[in-house]
$ cat target22.cif   # mmCIF, C-alpha atoms and all ligand atoms
data_coords
#
loop_
_atom_site.label_atom_id
_atom_site.label_comp_id
_atom_site.auth_asym_id
_atom_site.auth_seq_id
_atom_site.Cartn_x
_atom_site.Cartn_y
_atom_site.Cartn_z
CA MET A 1 -78.39 52.00 -84.25
CA LYS A 2 -79.36 54.07 -87.26
CA LYS A 3 -75.80 53.82 -88.56
CA PHE A 4 -75.83 50.07 -88.03
CA LEU A 5 -79.06 49.68 -89.98
CA LYS A 6 -77.62 51.79 -92.75
CA ILE A 7 -74.56 49.51 -92.95
CA VAL A 8 -76.79 46.42 -93.01
CA ALA A 9 -78.87 47.97 -95.79
CA ILE A 10 -75.75 48.76 -97.80
CA VAL A 11 -74.37 45.23 -97.31
CA ILE A 12 -77.68 43.73 -98.44
CA ALA A 13 -77.80 46.05 -101.44
CA VAL A 14 -74.23 45.12 -102.41
CA LEU A 15 -75.04 41.42 -102.02
CA ILE A 16 -78.14 41.71 -104.19
CA VAL A 17 -76.25 43.62 -106.88
CA SER A 18 -73.42 41.04 -106.77
CA VAL A 19 -75.81 38.10 -107.05
CA LEU A 20 -77.70 39.79 -109.88
CA GLY A 21 -74.43 40.70 -111.60
CA TYR A 22 -73.05 37.22 -111.20
CA THR A 23 -76.15 35.42 -112.51
CA TYR A 24 -76.44 37.95 -115.33
CA ILE A 25 -72.87 37.38 -116.48
CA ALA A 26 -72.81 33.62 -115.80
CA PHE A 27 -76.00 33.16 -117.77
CA ASN A 28 -75.61 35.61 -120.64
CA SER A 29 -71.99 34.82 -121.42
CA TYR A 30 -72.39 31.07 -120.92
CA SER A 31 -70.24 29.14 -123.34
CA PRO A 32 -68.93 25.74 -122.20
CA ALA A 33 -65.41 24.85 -123.30
CA ASP A 34 -64.78 22.61 -126.28
CA PRO A 35 -63.14 19.24 -125.75
CA ASP A 36 -59.36 19.44 -125.85
CA VAL A 37 -58.65 17.47 -129.02
CA GLU A 38 -56.79 17.97 -132.24
CA ILE A 39 -59.14 18.61 -135.14
CA ASN A 40 -59.66 15.63 -137.41
CA GLN A 41 -60.47 17.08 -140.84
CA THR A 42 -61.71 13.84 -142.37
CA VAL A 43 -64.74 13.58 -140.10
CA GLN A 44 -65.84 17.14 -140.96
CA GLN A 45 -66.88 15.84 -144.40
CA TYR A 46 -69.89 14.10 -142.83
CA PHE A 47 -71.45 17.39 -141.75
CA HIS A 48 -73.68 19.20 -144.23
CA ASN A 49 -75.65 22.41 -144.07
CA SER A 50 -79.18 21.34 -144.89
CA TYR A 51 -81.62 18.48 -144.66
CA ILE A 52 -81.44 17.92 -148.43
CA ASP A 53 -77.63 17.84 -148.46
CA ASN A 54 -77.63 15.36 -145.59
CA ARG A 55 -80.22 13.21 -147.29
CA ASN A 56 -78.13 13.18 -150.49
CA ALA A 57 -74.98 12.34 -148.52
CA PHE A 58 -76.83 9.50 -146.80
CA LYS A 59 -77.87 8.15 -150.21
CA VAL A 60 -74.31 8.41 -151.55
CA GLN A 61 -73.04 6.26 -148.68
CA ALA A 62 -75.98 3.89 -149.05
CA ASN A 63 -75.15 3.44 -152.75
CA LYS A 64 -71.57 2.60 -151.86
CA ILE A 65 -72.80 0.03 -149.34
CA GLN A 66 -74.87 -1.54 -152.09
CA THR A 67 -71.70 -2.42 -153.99
CA LYS A 68 -70.04 -3.91 -150.89
CA PHE A 69 -72.73 -6.22 -149.51
CA ASP A 70 -75.46 -8.48 -150.87
CA SER A 71 -79.13 -7.57 -151.25
CA VAL A 72 -78.90 -4.05 -149.83
CA GLN A 73 -82.15 -2.10 -150.22
CA LEU A 74 -82.58 1.66 -150.37
CA PHE A 75 -86.03 3.12 -150.14
CA SER A 76 -87.91 6.23 -149.05
CA ARG A 77 -91.24 7.03 -147.51
CA ASN A 78 -92.92 10.37 -148.00
CA VAL A 79 -94.07 12.20 -144.86
CA PRO A 80 -97.21 14.24 -145.65
CA SER A 81 -97.10 17.98 -144.99
CA LYS A 82 -99.29 21.03 -145.56
CA ILE A 83 -96.43 23.05 -147.00
CA ASP A 84 -93.78 20.74 -148.40
CA ASN A 85 -94.06 17.69 -150.66
CA ASN A 86 -90.38 16.82 -150.46
CA LEU A 87 -90.08 15.45 -146.95
CA THR A 88 -88.95 11.86 -146.74
CA ILE A 89 -87.67 9.28 -144.35
CA ASP A 90 -84.90 7.37 -146.09
CA PHE A 91 -83.89 3.83 -145.33
CA CYS A 92 -80.90 1.65 -146.02
CA TYR A 93 -81.36 -2.03 -145.18
CA ILE A 94 -78.40 -4.36 -145.17
CA PRO A 95 -79.62 -7.88 -144.44
CA ALA A 96 -77.57 -10.33 -142.39
CA GLN A 97 -75.28 -11.80 -145.02
CA ASN A 98 -75.42 -15.38 -143.78
CA LYS A 99 -78.17 -16.04 -141.25
CA ALA A 100 -80.80 -13.58 -140.02
CA GLU A 101 -80.68 -13.54 -136.23
CA LYS A 102 -80.27 -10.03 -134.94
CA LEU A 103 -81.29 -6.69 -136.36
CA ILE A 104 -79.92 -3.30 -135.40
CA ILE A 105 -81.99 -0.22 -136.24
CA ILE A 106 -80.12 3.08 -136.13
CA THR A 107 -82.41 6.10 -136.22
CA SER A 108 -81.64 9.80 -136.65
CA GLY A 109 -83.58 13.06 -136.56
CA THR A 110 -86.33 11.93 -134.18
CA HIS A 111 -85.94 15.50 -133.01
CA GLY A 112 -85.62 17.05 -136.46
CA VAL A 113 -82.83 19.55 -135.87
CA GLU A 114 -80.73 16.89 -134.13
CA GLY A 115 -80.62 15.12 -137.49
CA TYR A 116 -77.51 16.98 -138.65
CA VAL A 117 -75.35 15.13 -136.18
CA GLY A 118 -77.37 11.91 -136.40
CA SER A 119 -76.98 11.90 -140.17
CA ALA A 120 -73.21 12.50 -139.89
CA VAL A 121 -72.91 9.52 -137.54
CA GLN A 122 -74.96 7.32 -139.88
CA GLN A 123 -72.84 8.29 -142.90
CA MET A 124 -69.66 7.52 -140.97
CA PHE A 125 -71.18 4.22 -139.80
CA MET A 126 -71.84 3.15 -143.38
CA ASN A 127 -68.51 4.36 -144.69
CA GLU A 128 -66.16 3.24 -141.96
CA ILE A 129 -67.64 0.70 -139.60
CA LEU A 130 -69.55 -2.02 -141.42
CA THR A 131 -67.60 -5.18 -142.24
CA ASP A 132 -68.54 -8.61 -143.61
CA GLU A 133 -67.70 -10.15 -140.28
CA MET A 134 -70.17 -7.93 -138.41
CA LEU A 135 -72.95 -8.71 -140.84
CA ASP A 136 -72.73 -12.49 -140.70
CA ASP A 137 -75.89 -12.90 -138.59
CA VAL A 138 -76.67 -9.23 -137.92
CA GLY A 139 -78.83 -7.13 -140.23
CA VAL A 140 -78.75 -3.33 -140.22
CA LEU A 141 -81.60 -0.91 -140.86
CA LEU A 142 -80.56 2.73 -141.02
CA VAL A 143 -83.41 5.21 -140.76
CA HIS A 144 -82.51 8.70 -141.92
CA SER A 145 -84.55 11.59 -140.52
CA VAL A 146 -87.53 10.30 -138.60
CA ASN A 147 -88.86 13.88 -138.47
CA PRO A 148 -87.88 15.46 -141.81
CA PHE A 149 -90.01 18.58 -141.29
CA GLY A 150 -88.13 19.42 -138.11
CA PHE A 151 -84.81 18.66 -139.78
CA LYS A 152 -85.52 20.81 -142.84
CA TYR A 153 -87.04 23.72 -140.92
CA SER A 154 -84.67 23.63 -137.94
CA ARG A 155 -87.12 22.56 -135.28
CA ARG A 156 -86.99 19.77 -132.72
CA VAL A 157 -90.67 19.14 -133.27
CA THR A 158 -92.86 18.14 -136.20
CA GLU A 159 -95.00 20.40 -138.37
CA ASN A 160 -97.74 20.10 -135.72
CA ASN A 161 -95.42 21.27 -132.95
CA VAL A 162 -95.33 17.69 -131.70
CA ASP A 163 -92.28 16.32 -129.94
CA PHE A 164 -92.13 13.01 -131.78
CA ASN A 165 -90.25 11.47 -128.87
CA ARG A 166 -93.40 12.01 -126.75
CA ASN A 167 -95.84 10.91 -129.46
CA CYS A 168 -95.00 7.24 -129.88
CA ASP A 169 -97.14 4.41 -128.61
CA THR A 170 -99.37 1.56 -129.69
CA GLU A 171 -102.29 2.86 -127.59
CA GLN A 172 -104.28 6.10 -127.80
CA THR A 173 -104.30 6.27 -123.99
CA LEU A 174 -100.95 8.03 -124.30
CA PHE A 175 -102.83 11.22 -125.15
CA SER A 176 -104.69 11.26 -121.85
CA SER A 177 -101.44 11.12 -119.83
CA GLU A 178 -101.45 13.87 -117.25
CA ASN A 179 -98.60 16.10 -116.22
CA GLU A 180 -99.67 18.28 -113.33
CA GLY A 181 -96.26 19.80 -112.71
CA TYR A 182 -96.10 21.21 -116.25
CA GLY A 183 -99.19 23.40 -115.83
CA LYS A 184 -97.55 25.20 -112.93
CA LEU A 185 -94.58 26.14 -115.10
CA ILE A 186 -96.57 27.37 -118.05
CA GLY A 187 -95.61 31.04 -117.62
CA MET A 188 -91.92 30.21 -117.59
CA LEU A 189 -91.99 27.66 -120.41
CA ASN A 190 -94.44 29.21 -122.85
CA PRO A 191 -94.48 33.01 -122.64
CA GLU A 192 -96.73 34.80 -125.10
CA GLY A 193 -96.15 37.79 -127.35
CA LYS A 194 -93.31 38.54 -129.72
CA VAL A 195 -90.00 37.37 -128.36
CA ASN A 196 -87.49 40.02 -127.36
CA SER A 197 -84.17 38.47 -126.40
CA ALA A 198 -83.08 41.63 -124.59
CA SER A 199 -86.12 41.89 -122.29
CA LEU A 200 -85.42 41.92 -118.56
CA LYS A 201 -87.20 38.62 -118.11
CA ASN A 202 -85.00 36.98 -120.71
CA ARG A 203 -81.77 38.54 -119.47
CA PHE A 204 -82.63 37.37 -115.97
CA PHE A 205 -84.21 34.08 -117.01
CA MET A 206 -81.80 32.31 -114.69
CA LEU A 207 -83.42 34.03 -111.70
CA VAL A 208 -86.88 33.04 -112.94
CA ALA A 209 -85.69 29.45 -113.13
CA ILE A 210 -83.87 29.56 -109.80
CA ASN A 211 -87.06 30.83 -108.24
CA GLN A 212 -88.73 27.60 -109.43
CA LEU A 213 -85.75 25.55 -108.28
CA VAL A 214 -86.00 26.94 -104.77
CA ARG A 215 -89.59 25.79 -104.56
CA LYS A 216 -89.09 22.42 -106.23
CA SER A 217 -86.07 20.19 -106.58
CA MET A 218 -84.09 19.95 -109.81
CA ALA A 219 -85.30 16.35 -110.16
CA SER A 220 -89.01 17.23 -109.94
CA LEU A 221 -88.53 20.22 -112.23
CA ARG A 222 -86.78 18.08 -114.85
CA GLN A 223 -89.50 15.47 -114.62
CA ALA A 224 -92.34 18.00 -115.00
CA ILE A 225 -90.73 19.70 -117.97
CA LEU A 226 -89.31 16.69 -119.80
CA GLN A 227 -91.83 13.88 -119.39
CA GLY A 228 -94.09 15.35 -122.09
CA GLN A 229 -97.51 17.04 -121.99
CA TYR A 230 -100.69 16.57 -124.01
CA GLU A 231 -102.62 19.71 -123.10
CA TYR A 232 -100.84 22.72 -124.59
CA PRO A 233 -100.49 22.33 -128.38
CA ARG A 234 -98.28 25.40 -128.74
CA GLY A 235 -96.14 24.56 -125.75
CA LEU A 236 -92.79 22.83 -125.34
CA TYR A 237 -92.70 19.02 -125.11
CA PHE A 238 -96.20 18.69 -126.57
CA GLY A 239 -96.82 15.02 -127.35
CA GLY A 240 -99.85 15.61 -129.59
CA THR A 241 -103.51 14.66 -129.42
CA ASP A 242 -103.11 11.93 -132.03
CA PHE A 243 -100.27 10.01 -133.65
CA GLU A 244 -98.10 11.75 -136.20
CA PRO A 245 -98.07 10.08 -139.65
CA GLN A 246 -94.59 8.64 -139.00
CA ILE A 247 -96.04 6.16 -136.50
CA GLU A 248 -97.87 4.30 -139.24
CA ILE A 249 -95.08 4.69 -141.79
CA LEU A 250 -92.32 3.48 -139.48
CA GLY A 251 -94.49 0.85 -137.81
CA ALA A 252 -95.08 -0.87 -141.15
CA VAL A 253 -91.38 -0.76 -142.13
CA PHE A 254 -90.13 -2.03 -138.77
CA LYS A 255 -92.62 -4.90 -138.73
CA GLU A 256 -91.72 -5.95 -142.26
CA TYR A 257 -87.94 -5.74 -141.90
CA ALA A 258 -87.77 -7.27 -138.43
CA THR A 259 -89.82 -10.33 -139.45
CA ASP A 260 -86.88 -12.71 -139.92
CA TYR A 261 -84.99 -11.62 -136.81
CA GLU A 262 -85.44 -12.81 -133.25
CA THR A 263 -83.60 -9.97 -131.61
CA VAL A 264 -83.81 -6.24 -132.33
CA PHE A 265 -81.60 -3.45 -131.02
CA ASN A 266 -82.30 0.24 -131.60
CA ILE A 267 -79.94 3.15 -131.20
CA ASP A 268 -81.79 6.46 -131.43
CA LEU A 269 -79.36 9.32 -132.03
CA HIS A 270 -79.89 12.63 -130.23
CA THR A 271 -77.98 15.79 -129.32
CA GLY A 272 -78.32 18.48 -126.68
CA TYR A 273 -78.28 16.52 -123.45
CA GLY A 274 -75.23 15.97 -121.26
CA SER A 275 -71.61 17.14 -121.05
CA ARG A 276 -70.26 18.97 -124.05
CA GLY A 277 -68.47 16.66 -126.47
CA GLU A 278 -69.39 13.49 -124.58
CA ALA A 279 -71.50 10.61 -125.87
CA HIS A 280 -74.03 9.58 -123.25
CA LEU A 281 -75.90 6.30 -123.16
CA PHE A 282 -79.18 7.43 -121.77
CA PRO A 283 -82.09 4.98 -122.13
CA ASN A 284 -85.56 5.59 -120.75
CA PRO A 285 -85.57 3.59 -117.47
CA ILE A 286 -85.66 -0.19 -118.03
CA ASP A 287 -86.96 -2.71 -115.47
CA ASP A 288 -86.12 -5.98 -117.21
CA LYS A 289 -82.82 -7.24 -115.76
CA LYS A 290 -82.02 -9.43 -118.77
CA ILE A 291 -82.37 -6.50 -121.13
CA LYS A 292 -80.22 -4.32 -118.89
CA LEU A 293 -77.56 -7.02 -118.77
CA GLY A 294 -77.66 -7.39 -122.56
CA LEU A 295 -77.19 -3.65 -123.02
CA GLU A 296 -74.33 -3.69 -120.51
CA ASN A 297 -72.67 -6.39 -122.59
CA ILE A 298 -73.22 -4.52 -125.83
CA PHE A 299 -71.73 -1.34 -124.34
CA LYS A 300 -69.05 -3.06 -122.25
CA GLY A 301 -66.58 -0.52 -120.90
CA TYR A 302 -69.08 2.36 -121.19
CA GLU A 303 -71.19 3.88 -118.51
CA ILE A 304 -74.93 3.62 -119.08
CA ASN A 305 -77.06 6.20 -117.31
CA TRP A 306 -79.79 3.96 -115.95
CA GLY A 307 -81.54 6.82 -114.24
CA ASP A 308 -80.27 6.56 -110.71
CA SER A 309 -78.57 9.95 -110.70
CA ASP A 310 -80.00 13.45 -110.45
CA ASP A 311 -80.45 13.46 -114.25
CA PHE A 312 -83.20 10.89 -113.90
CA TYR A 313 -86.52 11.40 -115.65
CA ILE A 314 -89.05 9.20 -117.42
CA ILE A 315 -90.58 10.26 -120.68
CA ASN A 316 -93.96 9.26 -122.07
CA GLY A 317 -94.35 8.28 -125.71
CA SER A 318 -90.67 7.55 -126.32
CA PHE A 319 -89.76 6.45 -129.84
CA THR A 320 -87.31 3.73 -128.90
CA ASP A 321 -89.76 2.21 -126.41
CA TYR A 322 -92.43 2.23 -129.10
CA ILE A 323 -90.32 -0.01 -131.34
CA GLY A 324 -90.21 -2.52 -128.48
CA LYS A 325 -93.99 -2.40 -128.04
CA LEU A 326 -94.47 -2.83 -131.76
CA LEU A 327 -92.17 -5.87 -131.84
CA ALA A 328 -93.44 -7.35 -128.59
CA ASN A 329 -92.68 -10.94 -129.63
CA LYS A 330 -88.94 -10.22 -130.02
CA THR A 331 -86.09 -9.67 -127.61
CA TYR A 332 -85.65 -5.93 -127.80
CA TYR A 333 -82.81 -3.67 -126.68
CA PRO A 334 -83.55 0.09 -126.65
CA MET A 335 -80.83 2.71 -126.41
CA VAL A 336 -80.69 6.48 -126.71
CA LEU A 337 -77.31 7.95 -127.61
CA GLU A 338 -77.07 11.63 -126.68
CA PHE A 339 -74.22 13.91 -127.68
CA GLY A 340 -73.87 16.65 -125.07
CA THR A 341 -73.46 20.26 -126.12
CA LEU A 342 -74.22 22.68 -123.27
CA ASN A 343 -73.28 20.69 -120.14
CA SER A 344 -76.97 20.32 -119.40
CA GLN A 345 -76.19 18.33 -116.26
CA SER A 346 -75.03 21.58 -114.60
CA THR A 347 -77.59 24.04 -113.24
CA VAL A 348 -76.63 26.92 -115.52
CA GLY A 349 -76.31 24.54 -118.50
CA SER A 350 -79.75 23.07 -117.98
CA ILE A 351 -81.34 26.50 -117.55
CA LYS A 352 -79.56 27.77 -120.67
CA SER A 353 -80.79 24.75 -122.62
CA ILE A 354 -84.39 25.19 -121.62
CA HIS A 355 -84.17 28.95 -122.28
CA ASN A 356 -82.95 28.31 -125.83
CA MET A 357 -85.96 26.10 -126.39
CA VAL A 358 -88.39 28.57 -124.80
CA LEU A 359 -87.16 31.43 -127.01
CA GLU A 360 -87.23 29.40 -130.21
CA ASN A 361 -90.74 28.12 -129.56
CA GLN A 362 -92.02 31.55 -128.54
CA GLY A 363 -90.55 32.97 -131.77
CA VAL A 364 -92.24 30.35 -133.90
CA GLN A 365 -95.58 30.63 -132.08
CA HIS A 366 -95.77 34.41 -131.61
CA GLY A 367 -93.07 35.94 -133.79
CA PHE A 368 -89.79 37.73 -133.12
CA LYS A 369 -89.58 41.38 -132.10
CA SER A 370 -86.88 42.04 -134.71
CA ALA A 371 -84.78 40.28 -137.32
CA LYS A 372 -81.85 40.60 -134.94
CA ASP A 373 -83.75 38.70 -132.24
CA SER A 374 -84.62 36.00 -134.72
CA LEU A 375 -80.99 35.60 -135.85
CA LYS A 376 -79.61 35.56 -132.34
CA ILE A 377 -82.17 33.10 -131.00
CA MET A 378 -81.90 30.74 -133.96
CA HIS A 379 -78.12 30.83 -133.79
CA SER A 380 -78.11 29.73 -130.13
CA PHE A 381 -80.74 27.12 -130.88
CA MET A 382 -78.77 25.62 -133.76
CA GLU A 383 -75.52 25.66 -131.80
CA MET A 384 -77.23 23.68 -129.08
CA TYR A 385 -78.21 20.84 -131.43
CA ASN A 386 -75.60 21.03 -134.16
CA PRO A 387 -72.44 22.70 -132.81
CA THR A 388 -70.26 24.12 -135.57
CA SER A 389 -67.10 23.65 -133.52
CA GLU A 390 -64.71 21.35 -135.39
CA LYS A 391 -63.29 20.17 -132.08
CA TRP A 392 -66.72 19.16 -130.86
CA ARG A 393 -67.42 17.36 -134.12
CA THR A 394 -64.06 15.62 -134.04
CA LYS A 395 -64.61 14.39 -130.51
CA ILE A 396 -68.10 13.02 -130.96
CA MET A 397 -67.37 11.41 -134.34
CA ASP A 398 -64.15 9.76 -133.13
CA ASP A 399 -65.84 8.55 -129.95
CA SER A 400 -68.90 7.25 -131.80
CA GLU A 401 -66.76 5.40 -134.29
CA ILE A 402 -65.05 3.47 -131.49
CA MET A 403 -68.25 2.98 -129.55
CA LEU A 404 -70.35 1.79 -132.49
CA ARG A 405 -67.65 -0.54 -133.76
CA ARG A 406 -67.44 -2.18 -130.32
CA ALA A 407 -71.21 -2.26 -129.93
CA MET A 408 -71.61 -3.98 -133.30
CA LYS A 409 -69.06 -6.61 -132.38
CA ASN A 410 -70.53 -7.18 -128.93
CA TYR A 411 -74.05 -7.33 -130.33
CA ALA A 412 -72.95 -9.95 -132.85
CA ASP A 413 -71.36 -11.96 -130.00
CA LEU A 414 -74.39 -11.65 -127.69
ZN ZN B 1 -83.41 14.63 -128.84
#

$ encode --input "target22.cif" --output "structure tokens" --more "lines below"
Ligand SMILES: [Zn+2]
Amino acid sequence: MKKFLKIVAIVIAVLIVSVLGYTYIAFNSYSPADPDVEINQTVQQYFHNSYIDNRNAFKVQANKIQTKFDSVQLFSRNVPSKIDNNLTIDFCYIPAQNKAEKLIIITSGTHGVEGYVGSAVQQMFMNEILTDEMLDDVGVLLVHSVNPFGFKYSRRVTENNVDFNRNCDTEQTLFSSENEGYGKLIGMLNPEGKVNSASLKNRFFMLVAINQLVRKSMASLRQAILQGQYEYPRGLYFGGTDFEPQIEILGAVFKEYATDYETVFNIDLHTGYGSRGEAHLFPNPIDDKKIKLGLENIFKGYEINWGDSDDFYIINGSFTDYIGKLLANKTYYPMVLEFGTLNSQSTVGSIKSIHNMVLENQGVQHGFKSAKDSLKIMHSFMEMYNPTSEKWRTKIMDDSEIMLRRAMKNYADL
């Protein structure tokens, strides 16, 4: 009997060590494969290494557009900041060349650091996609860097640690939205003290997360984390206690430029969610059947994630929904285009993604234990939102070119 118990104990010990070893390796060496494509060098030119370089590149393309089409307007709006007086949202408006019926608004950098890829897509859009035919009754408003602070200082959030995509609404009641589930995850999401990437808790973060997953489902965990929260100003997915200045700035521009159009369509460009190298159409859930049908026509041949899978979650204060509320008298089509980087639909990918965000935010809020920690954490964070892989960039730029060209044509035909 004693011998038997000893064997059982050894088997259990081996199992525990194997599970720990497996999760340790799976998590710490996680690196999803690049798409299998041949590198297209010409699209690499749209990627730049800083907010300022991207802004300049956007203006270069916008200037070129000005020579191609009639009455193109370029303008900027300053976003106030405590530390930087050179943060702007830049606009390029190309009016419908014949008759103003439909407007498309393409926005980038709602989550600042995601602006690198969003800006690249906008530059390509201006340089390669727009034609006279498309612009007959469709006007285009390109909005470069909705959150310039986040873009310039490599954060998803604004200077006030606000997730702008949880801060948008026409009513202040947004800020009293409750999120009970979030409070229960506070220790996992917002640890305090200087961040040490080599600590046991960080090396075994996957177990910490799995522990939560065992108690709650993936769906309820996603919802609690991602819907936004209005209670913890230093925490992840903080939606603010008041509107960020961009609400007023953008609200005024959208109202003015949408005046002549009956129909408005927004594509808000994001990165970091979904399969690596894939473009995902991922709107906040929509009830209106007519709007859903319209979007299905615009993106004919593409799958739209309407929120009936396990990925489903609803966010409060979404930017694209805000544009619809602002322009309530118009037919409005909202769409979020996400470029996947870490296979966040898989368990390990989603845990890795959230861990990258936890570490970055902890570092900003409480400091890094060493320069090495800071470098390592910021490198993983940047790679999640702006992958340097030329294959990844090739794939998403080539796919977006085809998708946006089709969407423009279908939108014009709607
Ligand atoms: Zn985003």

$ atom_distance --input "target22.cif" --atom1 "CA of Lys292 (chain A)" --atom2 "CA of His144 (chain A)"
26.6 Å

$ closest_residue --input "target22.cif" --among "A:Phe299, A:Tyr22, A:Tyr30, A:Tyr237" --to "ligand ZN 1 (chain B)" --atoms "all atoms listed in the file"
A:Tyr237

$ atom_distance --input "target22.cif" --atom1 "CA of Arg77 (chain A)" --atom2 "CA of Glu262 (chain A)"
25.1 Å

$ residues_near_ligand --input "target22.cif" --ligand "ligand ZN 1 (chain B)" --cutoff "6 Å" --atoms "all atoms listed in the file" --output "PDB file with C-alpha atoms, in the frame of the given file"
ATOM      1  CA  HIS A 111     -85.940  15.500-133.010  1.00  0.00           C
ATOM      2  CA  HIS A 270     -79.890  12.630-130.230  1.00  0.00           C
ATOM      3  CA  THR A 271     -77.980  15.790-129.320  1.00  0.00           C
TER       4      THR A 271
END

$ closest_residue --input "target22.cif" --among "A:Gly367, A:Pro334, A:Gly118, A:Gly294" --to "Asn266 (chain A)" --atoms "all atoms listed in the file"
A:Pro334

$ closest_residue --input "target22.cif" --among "A:Asn316, A:Gln172, A:Asn85, A:Ser400" --to "Ile225 (chain A)" --atoms "only C-alpha atoms"
A:Asn316

$ residues_near_point --input "target22.cif" --point "(-68.6, -9.4, -126.4)" --cutoff "7 Å" --atoms "all atoms listed in the file" --output "short mmCIF file (atom, residue, chain, number, x, y, z; two decimals) with C-alpha atoms, in the frame of the given file"
data_model
loop_
_atom_site.label_atom_id
_atom_site.label_comp_id
_atom_site.auth_asym_id
_atom_site.auth_seq_id
_atom_site.Cartn_x
_atom_site.Cartn_y
_atom_site.Cartn_z
CA ASN A 297 -72.67 -6.39 -122.59
CA ILE A 298 -73.22 -4.52 -125.83
CA LYS A 409 -69.06 -6.61 -132.38
CA ASN A 410 -70.53 -7.18 -128.93
CA ASP A 413 -71.36 -11.96 -130.00
CA LEU A 414 -74.39 -11.65 -127.69
#

$ axis_aligned_box --input "target22.cif" --around "region 150-156 of chain A" --padding-each-side "4 Å" --output "AutoDock Vina command-line options"
--center_x -86.4 --center_y 21.2 --center_z -137.8 --size_x 11.5 --size_y 13.1 --size_z 18.1

$ atom_distance --input "target22.cif" --atom1 "CA of Arg215 (chain A)" --atom2 "CA of Lys352 (chain A)"
19.1 Å

$ build_atoms --input "target22.cif" --residues "region 3-17 of chain A" --atoms "N, CA and C atoms" --output "mmCIF file, in the frame of the given file"
data_model
loop_
_atom_site.group_PDB
_atom_site.id
_atom_site.type_symbol
_atom_site.label_atom_id
_atom_site.label_comp_id
_atom_site.auth_asym_id
_atom_site.auth_seq_id
_atom_site.Cartn_x
_atom_site.Cartn_y
_atom_site.Cartn_z
ATOM 1 N N LYS A 3 -76.991 54.028 -87.731
ATOM 2 C CA LYS A 3 -75.800 53.820 -88.560
ATOM 3 C C LYS A 3 -75.649 52.323 -88.898
ATOM 4 N N PHE A 4 -75.922 51.513 -87.851
ATOM 5 C CA PHE A 4 -75.830 50.070 -88.030
ATOM 6 C C PHE A 4 -76.803 49.582 -89.111
ATOM 7 N N LEU A 5 -78.048 50.073 -88.992
ATOM 8 C CA LEU A 5 -79.060 49.680 -89.980
ATOM 9 C C LEU A 5 -78.663 50.100 -91.393
ATOM 10 N N LYS A 6 -78.055 51.270 -91.447
ATOM 11 C CA LYS A 6 -77.620 51.790 -92.750
ATOM 12 C C LYS A 6 -76.555 50.850 -93.353
ATOM 13 N N ILE A 7 -75.605 50.415 -92.473
ATOM 14 C CA ILE A 7 -74.560 49.510 -92.950
ATOM 15 C C ILE A 7 -75.170 48.188 -93.436
ATOM 16 N N VAL A 8 -76.131 47.670 -92.621
ATOM 17 C CA VAL A 8 -76.790 46.420 -93.010
ATOM 18 C C VAL A 8 -77.480 46.589 -94.370
ATOM 19 N N ALA A 9 -78.163 47.714 -94.524
ATOM 20 C CA ALA A 9 -78.870 47.970 -95.790
ATOM 21 C C ALA A 9 -77.876 48.016 -96.951
ATOM 22 N N ILE A 10 -76.745 48.662 -96.720
ATOM 23 C CA ILE A 10 -75.750 48.760 -97.800
ATOM 24 C C ILE A 10 -75.195 47.370 -98.133
ATOM 25 N N VAL A 11 -74.900 46.585 -97.075
ATOM 26 C CA VAL A 11 -74.370 45.230 -97.310
ATOM 27 C C VAL A 11 -75.375 44.402 -98.121
ATOM 28 N N ILE A 12 -76.648 44.496 -97.712
ATOM 29 C CA ILE A 12 -77.680 43.730 -98.440
ATOM 30 C C ILE A 12 -77.761 44.191 -99.897
ATOM 31 N N ALA A 13 -77.724 45.507 -100.083
ATOM 32 C CA ALA A 13 -77.800 46.050 -101.440
ATOM 33 C C ALA A 13 -76.625 45.541 -102.283
ATOM 34 N N VAL A 14 -75.426 45.575 -101.678
ATOM 35 C CA VAL A 14 -74.230 45.120 -102.410
ATOM 36 C C VAL A 14 -74.365 43.630 -102.756
ATOM 37 N N LEU A 15 -74.860 42.864 -101.774
ATOM 38 C CA LEU A 15 -75.040 41.420 -102.020
ATOM 39 C C LEU A 15 -76.005 41.168 -103.168
ATOM 40 N N ILE A 16 -77.126 41.905 -103.128
ATOM 41 C CA ILE A 16 -78.140 41.710 -104.190
ATOM 42 C C ILE A 16 -77.541 42.050 -105.552
ATOM 43 N N VAL A 17 -76.843 43.196 -105.598
ATOM 44 C CA VAL A 17 -76.250 43.620 -106.880
ATOM 45 C C VAL A 17 -75.231 42.565 -107.348
#
